[in-house]
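Down below is the structure, laid out as structure tokens.
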Amino acid sequence: MIALLTRDLRLAVRAGGGFGLGLAFFLIVTVLVPFGVGPETGLLSRIAPGVLWIGALLACLLSLDRIFALDWEDGSLDLLATAPLPMEGIVSIKALAHWLTTGLPLVLAAPVLGVLLSLPLEGYFWVLVSLGAGTPALSVIGTFGAALTVGLKRGGLLLSLLVLPLYVPTLIFGAEVARRGAEGLAVQTPLLMLAGISAGVIALLPFASAAVLRINLR
Amino acid sequence: MNLSVTDLAVSRGGVPVLEGVSFALAPGRALVLRGPNGSGKTTLLRTIAGLQPAYAGRIEGAGERIAYAAHSDGLKAMLSVTENLRFWAQVFGTTDISAALRDFDLERLEDRLAGNLSAGQKRRLGLARMMVTGRPVWVLDEPTVSLDTASVALFAQAVRRHLEGGGAALMATHIDLGIPEAEVFDVTPFKASPRAALQDEAFL
């Protein structure tokens with residue numbers, strides 16, 4: 001399992017691995033928003049938590065189809081399936097590797113990009129916390145979508161269509177935590193819901209992902 | 001422990017391709033599957049490797065004893081030869097990759113990225129993977145594609161050493177491997193009678 005994680009991380013940072021693509025996309029989206037909305041600090045600071053969340057979500061989506069597609073193309077997915085690793089373990093490790101290479105950098109970059117959107121001072125901490133609690137769910141749900149569409153020609157678009165609706169609860173509660181935090185309100189309820197969603201999908205979805213992957217490998 | 005297949009029926013895309021296949025493979029023996037293109041050799045091997053369910057019959061002694069090599073080698077272009085091999089060794093819980101590198105004449109290519117290897121060299125690396133799995137039954141699908149004669153000889157030697165060590169090998173191939181003790185099993189007589197799809201195999 002550790003070997004699979006280190007291999008995936010190593011592949012992600014080597015040439016063509018796509019590490020940093022999501023981060024660059026996130027940067028560009030958040031830079032574009034003030035251009036589109038206009039330089040009104042009041043408006044920008046009000047929408048900043050939501051924009052950061054949507055930007056992070058789209059950036060996360062960008063790299064999802066690579067989770068299984070590359071291993072599928074070169075045949076290593078078949079070989080992994082016949083290896084002694086349980087399929088549930090393989091999909092969990094893949095999701096973890098995706099989070100480490102995409103989700104975590106987004107979480108760490110969000111406060112920096114908050115400056116561009118004049119995020120209120122109280123908001124920085126809660127943006128960090130909400131993305132930290134929410135992005136694991138994005139990676140795990142995305143891994144499920146990637147497992148569903150592996151082997152399909154041009155499955156990337158279908159993957160986005162399948163996964164985006166599943167991201168709705170995470171987005172609602174995540175953005176709510178960030179917004180309430182920025183306005184200085186109590187965040188406990190949405191934060192608990194967000195953490196609950198993350199914990200729930202991390203516990204349950206790997207089984208579903210493994211099941212659809214087994215079917216797709218036939 | 002034998003690998004034994006009893007009355008096995010396999011299907012591809014819901015359509016039966018082979019039925020009534022029975023054979024046994026004892027340790028130290030090799031079995032070569034023959035049959036024209038499309039006769040179901042790959043499907044049979046995938047079923048034995050556990051990648052798809054059989055729709056009838058029994059497979060015994062497979063599962064965790066099988067090391068499977070498909071048409072594609074499963075190599076990562078951006079990893080070096082040793083990194084590729086070491087990854088598979090770790091996945092299968094072994095550590096020694098030097099014997100595999102030596103037997104498939106890959107020592108001079110150790111630090112080369114797999115993406116920069118020739119087709120035959122990639123194949124050799126893919127076959128070297130079988131040695132680091134440490135599993136007793138090798139299931140090989142067209143192992144000699146894009147290998148030159150010298151490499152085929154290397155491969156035959158590796159298979160023979162594996163058999164001498166108590167392993168077994170099941171191979172689908174069209175060429176003579178130079179392993180005279182290997183038995184030949186022709187799948188042509190087991191061709192399934194043409195029928196419509198039995199069931200939606202996704203729900204098997």
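Chains: A, B, ... in order of the structure tokens. Residues: from 1 per chain. Ligands: from 1, in order shown.
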
Residue hits in chain A, query chain B, radius 7 Å, only C-alpha atoms, as a PyMOL selection string: chain A and resi 1+3+11+14+74-76+79+82-84+215+217-218

Secondary structure check, helix (DSSP H, G or I) residues of chain B, as an NGL selection string: :B and (41-48 or 63-65 or 81-91 or 98-103 or 107-109 or 114-116 or 119-133 or 149-164 or 188-190 or 201-203)

Could you write those residues out with C-alpha atoms, as a PDB file, in the first residue's frame?
ATOM      1  CA  LYS B  41      -7.438 -17.688 -24.821  1.00  0.00           C
ATOM      2  CA  THR B  42      -7.164 -14.238 -23.277  1.00  0.00           C
ATOM      3  CA  THR B  43     -10.639 -14.495 -21.750  1.00  0.00           C
ATOM      4  CA  LEU B  44      -9.744 -17.876 -20.278  1.00  0.00           C
ATOM      5  CA  LEU B  45      -6.538 -16.495 -18.776  1.00  0.00           C
ATOM      6  CA  ARG B  46      -8.292 -13.405 -17.382  1.00  0.00           C
ATOM      7  CA  THR B  47     -10.901 -15.647 -15.796  1.00  0.00           C
ATOM      8  CA  ILE B  48      -8.245 -17.856 -14.219  1.00  0.00           C
ATOM      9  CA  GLY B  63      -6.402 -16.782  -6.542  1.00  0.00           C
ATOM     10  CA  GLU B  64      -3.444 -15.706  -4.467  1.00  0.00           C
ATOM     11  CA  ARG B  65      -1.102 -18.190  -6.174  1.00  0.00           C
ATOM     12  CA  VAL B  81      13.569   0.137 -14.786  1.00  0.00           C
ATOM     13  CA  THR B  82      14.547  -0.505 -11.162  1.00  0.00           C
ATOM     14  CA  GLU B  83      11.779   1.742  -9.808  1.00  0.00           C
ATOM     15  CA  ASN B  84       9.175  -0.123 -11.859  1.00  0.00           C
ATOM     16  CA  LEU B  85      10.442  -3.498 -10.744  1.00  0.00           C
ATOM     17  CA  ARG B  86      10.917  -2.499  -7.119  1.00  0.00           C
ATOM     18  CA  PHE B  87       7.344  -1.187  -6.991  1.00  0.00           C
ATOM     19  CA  TRP B  88       5.939  -4.554  -8.048  1.00  0.00           C
ATOM     20  CA  ALA B  89       8.289  -6.365  -5.669  1.00  0.00           C
ATOM     21  CA  GLN B  90       6.980  -4.256  -2.780  1.00  0.00           C
ATOM     22  CA  VAL B  91       3.362  -4.772  -3.815  1.00  0.00           C
ATOM     23  CA  SER B  98      18.561  -8.412  -8.771  1.00  0.00           C
ATOM     24  CA  ALA B  99      17.843 -11.960  -9.990  1.00  0.00           C
ATOM     25  CA  ALA B 100      15.032 -10.705 -12.230  1.00  0.00           C
ATOM     26  CA  LEU B 101      17.247  -7.946 -13.659  1.00  0.00           C
ATOM     27  CA  ARG B 102      20.018 -10.444 -14.304  1.00  0.00           C
ATOM     28  CA  ASP B 103      17.900 -13.170 -15.866  1.00  0.00           C
ATOM     29  CA  GLU B 107      21.243  -4.750 -15.683  1.00  0.00           C
ATOM     30  CA  ARG B 108      22.678  -2.301 -18.186  1.00  0.00           C
ATOM     31  CA  LEU B 109      19.300  -0.548 -18.448  1.00  0.00           C
ATOM     32  CA  ALA B 114      10.855   2.724 -18.924  1.00  0.00           C
ATOM     33  CA  GLY B 115       9.401   5.141 -21.463  1.00  0.00           C
ATOM     34  CA  ASN B 116      12.728   5.223 -23.296  1.00  0.00           C
ATOM     35  CA  ALA B 119       9.342  -2.535 -27.309  1.00  0.00           C
ATOM     36  CA  GLY B 120      11.337  -5.706 -26.721  1.00  0.00           C
ATOM     37  CA  GLN B 121      13.112  -4.247 -23.692  1.00  0.00           C
ATOM     38  CA  LYS B 122       9.757  -3.191 -22.220  1.00  0.00           C
ATOM     39  CA  ARG B 123       8.456  -6.703 -22.706  1.00  0.00           C
ATOM     40  CA  ARG B 124      11.532  -8.105 -20.979  1.00  0.00           C
ATOM     41  CA  LEU B 125      10.909  -5.774 -18.052  1.00  0.00           C
ATOM     42  CA  GLY B 126       7.242  -6.816 -17.981  1.00  0.00           C
ATOM     43  CA  LEU B 127       8.263 -10.473 -17.851  1.00  0.00           C
ATOM     44  CA  ALA B 128      10.930  -9.776 -15.221  1.00  0.00           C
ATOM     45  CA  ARG B 129       8.019  -8.582 -13.079  1.00  0.00           C
ATOM     46  CA  MET B 130       6.819 -12.202 -12.860  1.00  0.00           C
ATOM     47  CA  MET B 131      10.015 -13.194 -11.101  1.00  0.00           C
ATOM     48  CA  VAL B 132       9.644 -10.583  -8.357  1.00  0.00           C
ATOM     49  CA  THR B 133       6.069 -11.603  -7.541  1.00  0.00           C
ATOM     50  CA  THR B 149      15.188 -14.831 -30.586  1.00  0.00           C
ATOM     51  CA  ALA B 150      17.836 -14.156 -27.950  1.00  0.00           C
ATOM     52  CA  SER B 151      15.212 -12.681 -25.611  1.00  0.00           C
ATOM     53  CA  VAL B 152      12.840 -15.590 -26.228  1.00  0.00           C
ATOM     54  CA  ALA B 153      15.686 -17.872 -25.151  1.00  0.00           C
ATOM     55  CA  LEU B 154      16.180 -15.767 -21.986  1.00  0.00           C
ATOM     56  CA  PHE B 155      12.468 -16.032 -21.298  1.00  0.00           C
ATOM     57  CA  ALA B 156      12.422 -19.800 -21.887  1.00  0.00           C
ATOM     58  CA  GLN B 157      15.347 -20.148 -19.473  1.00  0.00           C
ATOM     59  CA  ALA B 158      13.523 -18.108 -16.832  1.00  0.00           C
ATOM     60  CA  VAL B 159      10.388 -20.217 -17.250  1.00  0.00           C
ATOM     61  CA  ARG B 160      12.416 -23.410 -17.002  1.00  0.00           C
ATOM     62  CA  ARG B 161      14.134 -22.215 -13.829  1.00  0.00           C
ATOM     63  CA  HIS B 162      10.719 -21.328 -12.432  1.00  0.00           C
ATOM     64  CA  LEU B 163       9.451 -24.843 -13.234  1.00  0.00           C
ATOM     65  CA  GLU B 164      12.528 -26.428 -11.653  1.00  0.00           C
ATOM     66  CA  THR B 188     -10.474 -24.925 -30.386  1.00  0.00           C
ATOM     67  CA  PRO B 189     -12.629 -27.994 -29.490  1.00  0.00           C
ATOM     68  CA  PHE B 190     -14.133 -26.111 -26.537  1.00  0.00           C
ATOM     69  CA  GLU B 201     -22.564  -9.917 -17.063  1.00  0.00           C
ATOM     70  CA  ALA B 202     -22.202  -6.735 -15.055  1.00  0.00           C
ATOM     71  CA  PHE B 203     -24.601  -8.277 -12.577  1.00  0.00           C
TER      72      PHE B 203
END

Neighbour list for range 120-130 of chain A as a list in words, cut-off 7 Å, only C-alpha atoms, skip fewer than 2 positions in-chain: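 Returned residues: Ser45, Pro49, Val107, Ala110, Pro111, Ser118, Gly132, Ala133, Gly134, Gly174, Val177, Ala178, Gly181, Ala182 and Gly184 of chain A.
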
Spatial neighbours of range 150-153 of chain A, 7 Å, only C-alpha atoms, chain gap at least 6 places, as a ChimeraX atom specification: /A:68-69,72,216

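Closest approach to Leu96 in chain A from the set A:Val31, A:Ala175, A:Leu138, A:Leu158 is made by A:Leu138, with distances taken over only C-alpha atoms.
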
Option closest in space to Leu31 in chain B, from B:Glu181, B:Glu110, B:Asp7, B:Asp141 [counting only C-alpha atoms]: B:Glu181

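Remark: for Thr149 in chain A, the closest of the candidate residues A:Val212, A:Leu106, A:Ile93, A:Ala199 is A:Val212 (distances computed over only C-alpha atoms).
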
Among listed residues A:Ile67, A:Ala56, A:Ala81, A:Leu117, nearest Gly17 in chain A (using only C-alpha atoms):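 Closest to Gly17 in chain A, using only C-alpha atoms: A:Ile67.
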
List as a PDB file with N, CA and C atoms, in the first residue's frame the protein and nucleic acid residues near Val184 in chain B, meaning an atom at most 8 Å away when only C-alpha atoms are counted, but skip any in the same chain fewer than 3 places from it.
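File written: result08.pdb
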ATOM      1  N   LEU B  31       1.981 -25.421 -19.342  1.00  0.00           N
ATOM      2  CA  LEU B  31       0.906 -25.724 -20.278  1.00  0.00           C
ATOM      3  C   LEU B  31       0.819 -24.569 -21.274  1.00  0.00           C
ATOM      4  N   VAL B  32       0.857 -24.910 -22.559  1.00  0.00           N
ATOM      5  CA  VAL B  32       0.780 -23.873 -23.587  1.00  0.00           C
ATOM      6  C   VAL B  32      -0.600 -23.923 -24.225  1.00  0.00           C
ATOM      7  N   LEU B  33      -1.313 -22.797 -24.161  1.00  0.00           N
ATOM      8  CA  LEU B  33      -2.639 -22.723 -24.780  1.00  0.00           C
ATOM      9  C   LEU B  33      -2.468 -22.353 -26.239  1.00  0.00           C
ATOM     10  N   ARG B  34      -3.131 -23.100 -27.109  1.00  0.00           N
ATOM     11  CA  ARG B  34      -3.115 -22.778 -28.533  1.00  0.00           C
ATOM     12  C   ARG B  34      -4.537 -22.539 -28.988  1.00  0.00           C
TER      13      ARG B  34
END
